[in-house]
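Trainee: Dropping in model05.txt, with compact mmCIF, C-alpha atoms and all ligand atoms.
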```txt
# COMPACT_ATOMS: atom_id res chain seq x y z
CA MET F 63 -6.78 -69.40 7.41
CA GLN F 64 -9.83 -68.71 5.23
CA ALA F 65 -9.97 -65.20 3.80
CA TRP F 66 -12.70 -62.74 4.68
CA VAL F 67 -14.02 -60.22 2.18
CA ILE F 68 -16.35 -57.77 3.89
CA GLY F 69 -18.46 -55.08 2.23
CA ASN F 70 -19.03 -51.97 4.34
CA TRP F 71 -22.05 -50.32 2.74
CA LYS F 72 -21.79 -47.27 5.04
CA GLN F 73 -24.86 -44.98 4.68
CA ASN F 74 -25.88 -46.66 1.40
CA PRO F 75 -28.11 -47.36 -0.44
CA ALA F 76 -30.94 -44.87 0.08
CA THR F 77 -33.83 -47.35 0.35
CA LEU F 78 -34.51 -50.80 1.76
CA GLN F 79 -35.60 -51.93 -1.70
CA ALA F 80 -32.22 -50.93 -3.15
CA ALA F 81 -30.42 -52.71 -0.28
CA LYS F 82 -32.42 -55.88 -0.97
CA THR F 83 -31.60 -55.65 -4.67
CA LEU F 84 -27.90 -55.24 -3.91
CA LEU F 85 -27.91 -58.31 -1.66
CA ASP F 86 -29.94 -60.28 -4.25
CA ASP F 87 -27.49 -59.30 -6.99
CA THR F 88 -24.56 -60.29 -4.78
CA ASN F 89 -26.19 -63.67 -4.06
CA THR F 90 -26.85 -64.26 -7.75
CA GLU F 91 -23.21 -63.56 -8.65
CA LEU F 92 -22.13 -65.74 -5.74
CA LYS F 93 -23.92 -68.78 -7.17
CA SER F 94 -21.70 -68.79 -10.24
CA ALA F 95 -18.47 -68.10 -8.33
CA ASP F 96 -16.08 -70.57 -6.74
CA LEU F 97 -15.21 -68.97 -3.45
CA ALA F 98 -14.17 -71.99 -1.42
CA ALA F 99 -11.31 -70.19 0.31
CA CYS F 100 -13.19 -67.00 1.10
CA ARG F 101 -15.97 -66.04 3.49
CA LEU F 102 -18.24 -63.11 2.71
CA MET F 103 -19.98 -60.54 4.84
CA VAL F 104 -21.91 -57.36 4.11
CA VAL F 105 -22.41 -54.59 6.63
CA PRO F 106 -25.51 -52.58 5.72
CA SER F 107 -27.11 -49.64 7.46
CA LEU F 108 -28.51 -50.69 10.85
CA VAL F 109 -32.03 -49.90 9.75
CA HIS F 110 -31.75 -52.51 6.97
CA VAL F 111 -30.16 -55.33 8.98
CA SER F 112 -33.28 -57.11 10.11
CA SER F 113 -34.93 -57.19 6.68
CA LEU F 114 -31.77 -58.32 4.92
CA GLN F 115 -31.05 -61.16 7.29
CA GLN F 116 -34.38 -62.69 6.27
CA GLN F 117 -33.11 -63.13 2.72
CA GLU F 118 -31.79 -66.58 1.86
CA THR F 119 -28.03 -66.01 1.79
CA ALA F 120 -24.68 -67.55 2.63
CA ILE F 121 -23.36 -64.06 3.25
CA ALA F 122 -22.94 -63.04 6.90
CA ILE F 123 -24.59 -59.79 7.96
CA GLY F 124 -22.74 -57.34 10.18
CA ALA F 125 -23.68 -54.05 11.83
CA GLN F 126 -21.81 -50.77 11.49
CA ASP F 127 -22.05 -49.69 15.12
CA ILE F 128 -23.34 -50.52 18.59
CA SER F 129 -23.80 -48.58 21.80
CA ALA F 130 -20.79 -48.15 24.07
CA HIS F 131 -23.09 -47.40 26.99
CA SER F 132 -25.11 -50.55 27.41
CA ALA F 133 -24.92 -54.02 25.89
CA GLU F 134 -28.65 -54.54 26.43
CA THR F 135 -31.18 -51.76 27.17
CA GLY F 136 -31.17 -48.30 28.72
CA ALA F 137 -31.84 -44.56 28.34
CA PHE F 138 -29.43 -43.88 25.46
CA THR F 139 -31.45 -42.09 22.80
CA GLY F 140 -30.32 -42.93 19.29
CA ASP F 141 -28.18 -45.91 20.29
CA CYS F 142 -28.70 -49.55 19.34
CA SER F 143 -27.24 -52.09 21.72
CA ALA F 144 -25.23 -55.19 20.90
CA ALA F 145 -28.17 -57.30 22.09
CA GLN F 146 -30.59 -55.47 19.76
CA VAL F 147 -28.23 -55.73 16.82
CA ARG F 148 -27.76 -59.43 17.47
CA ASP F 149 -31.52 -59.88 17.79
CA ALA F 150 -31.96 -58.12 14.44
CA GLY F 151 -29.78 -60.77 12.83
CA ALA F 152 -26.27 -59.32 12.71
CA THR F 153 -23.49 -61.64 13.81
CA TRP F 154 -20.58 -59.18 13.58
CA VAL F 155 -20.04 -55.47 14.19
CA LEU F 156 -17.51 -52.92 12.94
CA VAL F 157 -15.74 -51.08 15.76
CA GLY F 158 -13.22 -48.27 15.37
CA HIS F 159 -13.82 -47.38 11.72
CA SER F 160 -11.96 -44.17 10.98
CA GLU F 161 -15.22 -42.40 10.09
CA ARG F 162 -16.50 -43.14 13.60
CA ARG F 163 -13.20 -42.01 15.14
CA GLN F 164 -13.15 -38.85 13.01
CA TYR F 165 -16.80 -37.69 12.95
CA TYR F 166 -17.94 -38.98 16.35
CA GLY F 167 -14.74 -38.58 18.32
CA GLU F 168 -14.65 -42.23 19.36
CA ASP F 169 -11.59 -42.79 21.50
CA GLU F 170 -9.91 -45.90 22.86
CA ALA F 171 -12.08 -45.98 26.02
CA THR F 172 -15.29 -45.87 23.94
CA LEU F 173 -14.01 -48.48 21.53
CA TYR F 174 -13.05 -50.78 24.37
CA GLN F 175 -16.60 -50.57 25.75
CA LYS F 176 -18.04 -51.35 22.32
CA VAL F 177 -15.77 -54.37 21.89
CA LYS F 178 -16.73 -55.65 25.36
CA ASN F 179 -20.43 -55.10 24.71
CA ALA F 180 -20.24 -56.86 21.35
CA LEU F 181 -18.47 -59.92 22.72
CA SER F 182 -20.82 -60.13 25.69
CA GLN F 183 -23.71 -60.59 23.23
CA GLN F 184 -21.89 -63.13 21.02
CA LEU F 185 -21.21 -60.64 18.23
CA GLY F 186 -17.88 -60.95 16.43
CA VAL F 187 -15.84 -57.74 16.15
CA ILE F 188 -14.09 -56.25 13.13
CA PHE F 189 -11.73 -53.83 14.84
CA CYS F 190 -10.45 -51.13 12.48
CA VAL F 191 -7.14 -49.32 12.82
CA GLY F 192 -5.20 -46.98 10.55
CA GLU F 193 -3.06 -43.88 10.34
CA THR F 194 -3.85 -40.47 8.82
CA LYS F 195 -1.92 -38.99 5.90
CA GLU F 196 0.09 -36.75 8.23
CA GLN F 197 1.04 -39.72 10.38
CA TYR F 198 1.95 -41.74 7.29
CA ASP F 199 4.08 -38.90 5.91
CA SER F 200 5.92 -38.52 9.21
CA GLU F 201 6.52 -42.29 9.42
CA GLN F 202 4.39 -42.80 12.50
CA THR F 203 2.26 -45.60 11.05
CA PHE F 204 3.60 -48.37 13.29
CA SER F 205 3.48 -46.32 16.48
CA VAL F 206 -0.08 -45.15 15.76
CA LEU F 207 -1.22 -48.73 15.17
CA THR F 208 0.55 -49.97 18.28
CA SER F 209 -1.33 -47.38 20.29
CA GLN F 210 -4.73 -48.14 18.67
CA LEU F 211 -4.22 -51.87 19.32
CA THR F 212 -3.99 -51.34 23.08
CA VAL F 213 -7.78 -51.86 23.06
CA ILE F 214 -7.08 -55.49 22.20
CA GLU F 215 -4.33 -55.69 24.82
CA GLN F 216 -6.79 -54.45 27.44
CA LEU F 217 -9.40 -56.91 26.25
CA LEU F 218 -7.00 -59.83 26.60
CA ALA F 219 -5.83 -58.62 30.01
CA GLU F 220 -9.22 -57.89 31.54
CA SER F 221 -11.59 -60.37 30.06
CA ASN F 222 -11.75 -64.08 30.31
CA GLU F 223 -12.71 -64.61 26.69
CA GLU F 224 -11.74 -68.18 26.04
CA SER F 225 -11.48 -67.97 22.31
CA LEU F 226 -11.43 -64.91 20.13
CA ALA F 227 -10.16 -66.73 17.05
CA GLU F 228 -13.56 -66.85 15.36
CA ARG F 229 -14.77 -63.58 16.85
CA LEU F 230 -12.06 -61.00 16.22
CA ILE F 231 -10.89 -59.61 12.90
CA ILE F 232 -8.51 -56.67 12.58
CA ALA F 233 -8.94 -54.34 9.59
CA TYR F 234 -5.97 -52.16 8.67
CA GLU F 235 -7.34 -49.13 6.85
CA PRO F 236 -5.02 -46.17 6.23
CA VAL F 237 -7.36 -43.17 6.57
CA TRP F 238 -5.83 -41.55 3.49
CA ALA F 239 -6.65 -44.60 1.35
CA ILE F 240 -10.37 -44.72 2.22
CA GLY F 241 -12.52 -43.59 -0.67
CA THR F 242 -9.61 -41.79 -2.34
CA GLY F 243 -8.39 -44.26 -4.97
CA LYS F 244 -4.91 -44.01 -3.39
CA VAL F 245 -3.41 -47.19 -1.95
CA PRO F 246 -0.18 -48.06 -0.17
CA THR F 247 2.12 -50.48 -1.96
CA VAL F 248 1.62 -54.18 -1.35
CA GLU F 249 5.00 -54.23 0.39
CA GLU F 250 3.87 -51.48 2.77
CA VAL F 251 0.61 -53.28 3.51
CA ALA F 252 2.37 -56.61 4.04
CA ALA F 253 4.91 -55.05 6.42
CA THR F 254 2.16 -53.25 8.32
CA HIS F 255 0.13 -56.44 8.69
CA THR F 256 3.22 -58.26 9.95
CA HIS F 257 3.64 -55.47 12.52
CA ILE F 258 -0.02 -55.71 13.62
CA LYS F 259 0.19 -59.49 14.02
CA ALA F 260 3.46 -59.25 15.97
CA VAL F 261 2.07 -56.58 18.30
CA ILE F 262 -1.03 -58.61 19.07
CA GLN F 263 0.84 -61.88 19.42
CA GLY F 264 3.10 -60.16 21.93
CA TYR F 265 0.18 -59.50 24.30
CA ALA F 266 -0.23 -61.78 27.30
CA GLY F 267 -2.86 -64.42 26.57
CA ALA F 268 -2.96 -63.73 22.82
CA GLU F 269 -1.57 -67.05 21.73
CA ALA F 270 -4.16 -69.05 23.66
CA ALA F 271 -7.12 -66.81 22.81
CA LEU F 272 -6.34 -65.94 19.21
CA GLY F 273 -3.44 -67.76 17.60
CA GLU F 274 -2.52 -65.84 14.46
CA PRO F 275 -4.83 -62.82 14.17
CA CYS F 276 -6.85 -62.39 10.98
CA VAL F 277 -5.87 -59.01 9.46
CA LEU F 278 -7.72 -57.50 6.50
CA TYR F 279 -6.63 -54.60 4.34
CA GLY F 280 -9.12 -51.81 3.56
CA GLY F 281 -8.94 -48.57 1.60
CA SER F 282 -9.79 -48.25 -2.11
CA VAL F 283 -9.73 -52.00 -2.73
CA ASN F 284 -11.30 -52.72 -6.12
CA ALA F 285 -11.58 -55.46 -8.72
CA ALA F 286 -8.39 -54.29 -10.42
CA ASN F 287 -6.07 -54.14 -7.39
CA ALA F 288 -7.45 -56.94 -5.17
CA ALA F 289 -5.24 -59.71 -6.59
CA GLN F 290 -2.03 -57.89 -5.72
CA PHE F 291 -3.04 -57.50 -2.06
CA ALA F 292 -4.40 -61.06 -1.95
CA GLN F 293 -1.01 -62.45 -2.89
CA ALA F 294 0.61 -61.18 0.31
CA ASP F 295 0.59 -63.94 2.94
CA SER F 296 -0.05 -61.52 5.80
CA VAL F 297 -3.18 -60.08 4.12
CA ASN F 298 -6.09 -62.29 5.18
CA GLY F 299 -8.82 -60.52 3.22
CA ALA F 300 -10.30 -57.11 2.50
CA LEU F 301 -12.70 -54.57 3.96
CA VAL F 302 -14.34 -52.96 0.96
CA GLY F 303 -16.36 -49.74 0.82
CA GLY F 304 -17.27 -48.24 -2.57
CA ALA F 305 -16.57 -51.40 -4.61
CA ALA F 306 -18.98 -53.40 -2.42
CA LEU F 307 -21.91 -51.35 -3.71
CA GLN F 308 -21.77 -53.25 -7.04
CA ALA F 309 -22.23 -57.02 -6.87
CA ASP F 310 -19.80 -57.70 -9.72
CA SER F 311 -16.87 -55.74 -8.30
CA PHE F 312 -17.46 -57.11 -4.77
CA LEU F 313 -17.48 -60.70 -6.04
CA ALA F 314 -14.45 -60.07 -8.24
CA ILE F 315 -12.53 -59.00 -5.13
CA ALA F 316 -13.72 -62.10 -3.27
CA ALA F 317 -12.69 -64.30 -6.22
CA ALA F 318 -9.20 -62.74 -6.24
CA PHE F 319 -8.77 -63.58 -2.54
CA SER F 320 -10.23 -67.05 -2.86
CA THR F 321 -7.89 -67.90 -5.75
CA ALA F 322 -4.80 -66.50 -4.05
CA LYS F 323 -5.52 -68.18 -0.72
CA SER F 324 -6.39 -71.57 -2.18
CA ASN F 325 -3.04 -71.53 -3.99
CA SER F 326 -1.03 -70.61 -0.94
P1 LIG F 401 -13.34 -47.72 0.36
O1 LIG F 401 -13.80 -47.79 1.89
O2 LIG F 401 -13.17 -49.14 -0.12
O3 LIG F 401 -14.46 -47.00 -0.34
O4 LIG F 401 -12.05 -46.97 0.31
C1 LIG F 401 -13.26 -48.75 2.78
C2 LIG F 401 -13.83 -48.59 4.16
O5 LIG F 401 -14.07 -47.46 4.61
O6 LIG F 401 -14.05 -49.57 4.87
```
What would the structure in this file look like if it were written as structure tokens?
Ligand code: PGA
Mentor:
Amino acid sequence: MQAWVIGNWKQNPATLQAAKTLLDDTNTELKSADLAACRLMVVPSLVHVSSLQQQETAIAIGAQDISAHSAETGAFTGDCSAAQVRDAGATWVLVGHSERRQYYGEDEATLYQKVKNALSQQLGVIFCVGETKEQYDSEQTFSVLTSQLTVIEQLLAESNEESLAERLIIAYEPVWAIGTGKVPTVEEVAATHTHIKAVIQGYAGAEAALGEPCVLYGGSVNAANAAQFAQADSVNGALVGGAALQADSFLAIAAAFSTAKSNS
């Protein structure tokens, strides 16, 4: 499976000009890199998506959010629908990021609607899961993830999606590792990814629709630690926040994954 390295720009940078410069810089670095075993995506602010997708780039553009209420149009002030996001040029969307769960109270029912809406408009979904520090400390990581993944179980049970293999990515992001500089050990991440894959592969219909799920690690990934995560077979790439805001560190992470995966 080809690796994915995805940059989540969150509410950065402050201006469209700076977003264009960041994408230009990333493209320039990309030209001199050999990333045959790695696919790249950046996920800018929604307001920048349509301008950035006009730039000449081999990097996929994703969106950070879509409306749970309607896949197309409707009276939902402040929302952007999956259809609008797709029309603006995004091909993927993040769903279930811990910042959305934490600050906007997004629960499993909301996330399920978002996943359904995304798929109905041919957007791929990067579905994020992860435990808090308290849950990690009390050894509830696996049970929390199992419960968060029921959104995927419901999707497989209720939809007739023929193939999700190219349209569903899972991102494991421990909440306590996001933006903190703290990371779990590679062994912990590898074991957690194995758990996530086993849970999903145990769902009815998963084998036919998905095969082996693509599972990325996210949370304080940087140029210095990427290679160690990339070496784990069950880690299929990275979801990168802070280190994606510099072209050189983002591409260094991608290079670490491309090297590790082309050797495996
Ligand atoms: P971080 O963010 O790399 O800055 O920890 C990751 C994320 O939130 O996706």
Trainee: Smallest atom-to-atom distance to His110 in chain F: which of F:Ala76, F:Val213, F:Val251, F:Ala318, using only C-alpha atoms?
Mentor: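 Under the stated criterion, the closest residue is F:Ala76.
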Trainee: With all atoms listed in the file as the counted atoms, please give the residues lying no more than 8 Å from range 300-306 of chain F, apart from itself and same-chain residues fewer than 4 positions off, as JSON, numbers by chain.
Mentor: {"F": [66, 67, 68, 69, 70, 71, 72, 233, 240, 241, 278, 279, 280, 281, 282, 283, 284, 285, 311, 312]}
Trainee: So how far away is CA of Leu181 in chain F from CA of Gln73 in chain F, in Å?
Mentor: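 So the answer is 24.3 Å.
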Trainee: Can you list, as an MDAnalysis selection string, every protein, DNA or RNA residue that comes within 9 Å of Ala99 in chain F when you count all atoms listed in the file, leaving out same-chain residues fewer than 4 positions away?
Mentor: chainID F and resid 63:66 317 319:324
Trainee: Select, from F:Leu97, F:Ala219, F:Ile262, F:Val237, the residue with the minimum atom-to-atom distance to ligand LIG 401 (chain F), counting only C-alpha atoms and all ligand atoms.
Mentor: F:Val237
Trainee: Dump as a ChimeraX atom specification all residues having an atom at most 6 Å from (-14.3, -51.4, 14.6), computed in the file's coordinates with only C-alpha atoms.
Mentor: /F:156-159,188-190
Trainee: Restricting the calculation to all atoms listed in the file: of F:Ser143, F:Thr88, F:Ser209, F:Gln308, which residue gets closest to Ile121 in chain F?
Mentor: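 Checking each candidate against Ile121 in chain F, we get F:Thr88 as the closest.
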Trainee: Taking all atoms of range 180-189 of chain F that appear in the file, build a box with edges along x, y and z, extend it by 4 Å on every side, and state its centre and edge lengths in Å to one decimal, as lines of an AutoDock Vina configuration file.
Mentor:
```
center_x = -17.7
center_y = -58.5
center_z = 19.4
size_x = 20.0
size_y = 17.3
size_z = 20.6
```
Trainee: Between CA of Lys195 in chain F and CA of Glu168 in chain F, measure the distance and give it in Å to one decimal.
Mentor: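 Those two atoms sit 18.8 Å apart.
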Trainee: Compare F:Ser107, F:Gln290, F:Thr203, F:Thr212 by their minimum atom-to-atom distance to Ala253 in chain F, counting all atoms listed in the file, and give me the closest one.
Mentor: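 Closest to Ala253 in chain F, using all atoms listed in the file: F:Thr203.
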Trainee: Taking into account all atoms listed in the file, which residue in the set F:Glu235, F:Glu91, F:Glu118, F:Asp149 is nearest to Gln183 in chain F?
Mentor: F:Asp149
Trainee: Is it possible to get the residues within 8 Å of (-6.0, -47.2, 13.5) (coordinates as in the file, counting all atoms listed in the file) written as a PyMOL selection string?
Mentor: chain F and resi 158+160+190-193+206-207+210-211+234-236
Trainee: Which is closest to Ala314 in chain F among F:Ala286, F:Gln175, F:Gly167, F:Ser326, if we use only C-alpha atoms?
Mentor: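 Of F:Ala286, F:Gln175, F:Gly167, F:Ser326, the one nearest Ala314 in chain F, counting only C-alpha atoms, is F:Ala286.
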Trainee: Measure the distance from CA of Glu250 in chain F to CA of Ser296 in chain F in Å and round it to one decimal.
Mentor: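 We find that CA of Glu250 in chain F and CA of Ser296 in chain F lie 11.2 Å from each other.
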Trainee: For His131 in chain F, find every residue with an atom within 8 Å (counting only C-alpha atoms), except residues of its own chain fewer than 2 positions away, and show them as a PDB file with C-alpha atoms, in the coordinates of the input.
Mentor:
```pdb
ATOM      1  CA  SER F 129     -23.800 -48.580  21.800  1.00  0.00           C
ATOM      2  CA  ALA F 133     -24.920 -54.020  25.890  1.00  0.00           C
ATOM      3  CA  PHE F 138     -29.430 -43.880  25.460  1.00  0.00           C
ATOM      4  CA  GLN F 175     -16.600 -50.570  25.750  1.00  0.00           C
ATOM      5  CA  LYS F 176     -18.040 -51.350  22.320  1.00  0.00           C
TER       6      LYS F 176
END
```
Trainee: So which residues touch Val109 in chain F within 12 Å, counting all atoms listed in the file, skipping near sequence neighbours fewer than 2 positions away, as a PyMOL selection string?
Mentor: chain F and resi 72-78+81+105-107+111-115+124-127+140-142+146-147+150-152
Trainee: Compile the contact shell of Ala271 in chain F as a list of chain:residue names: residues with an atom at most 7 Å away, counting only C-alpha atoms, same-chain residues fewer than 3 positions apart removed.
Mentor: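 Those residues are F:Glu224, F:Ser225, F:Leu226, F:Ala227, F:Gly267, F:Ala268.
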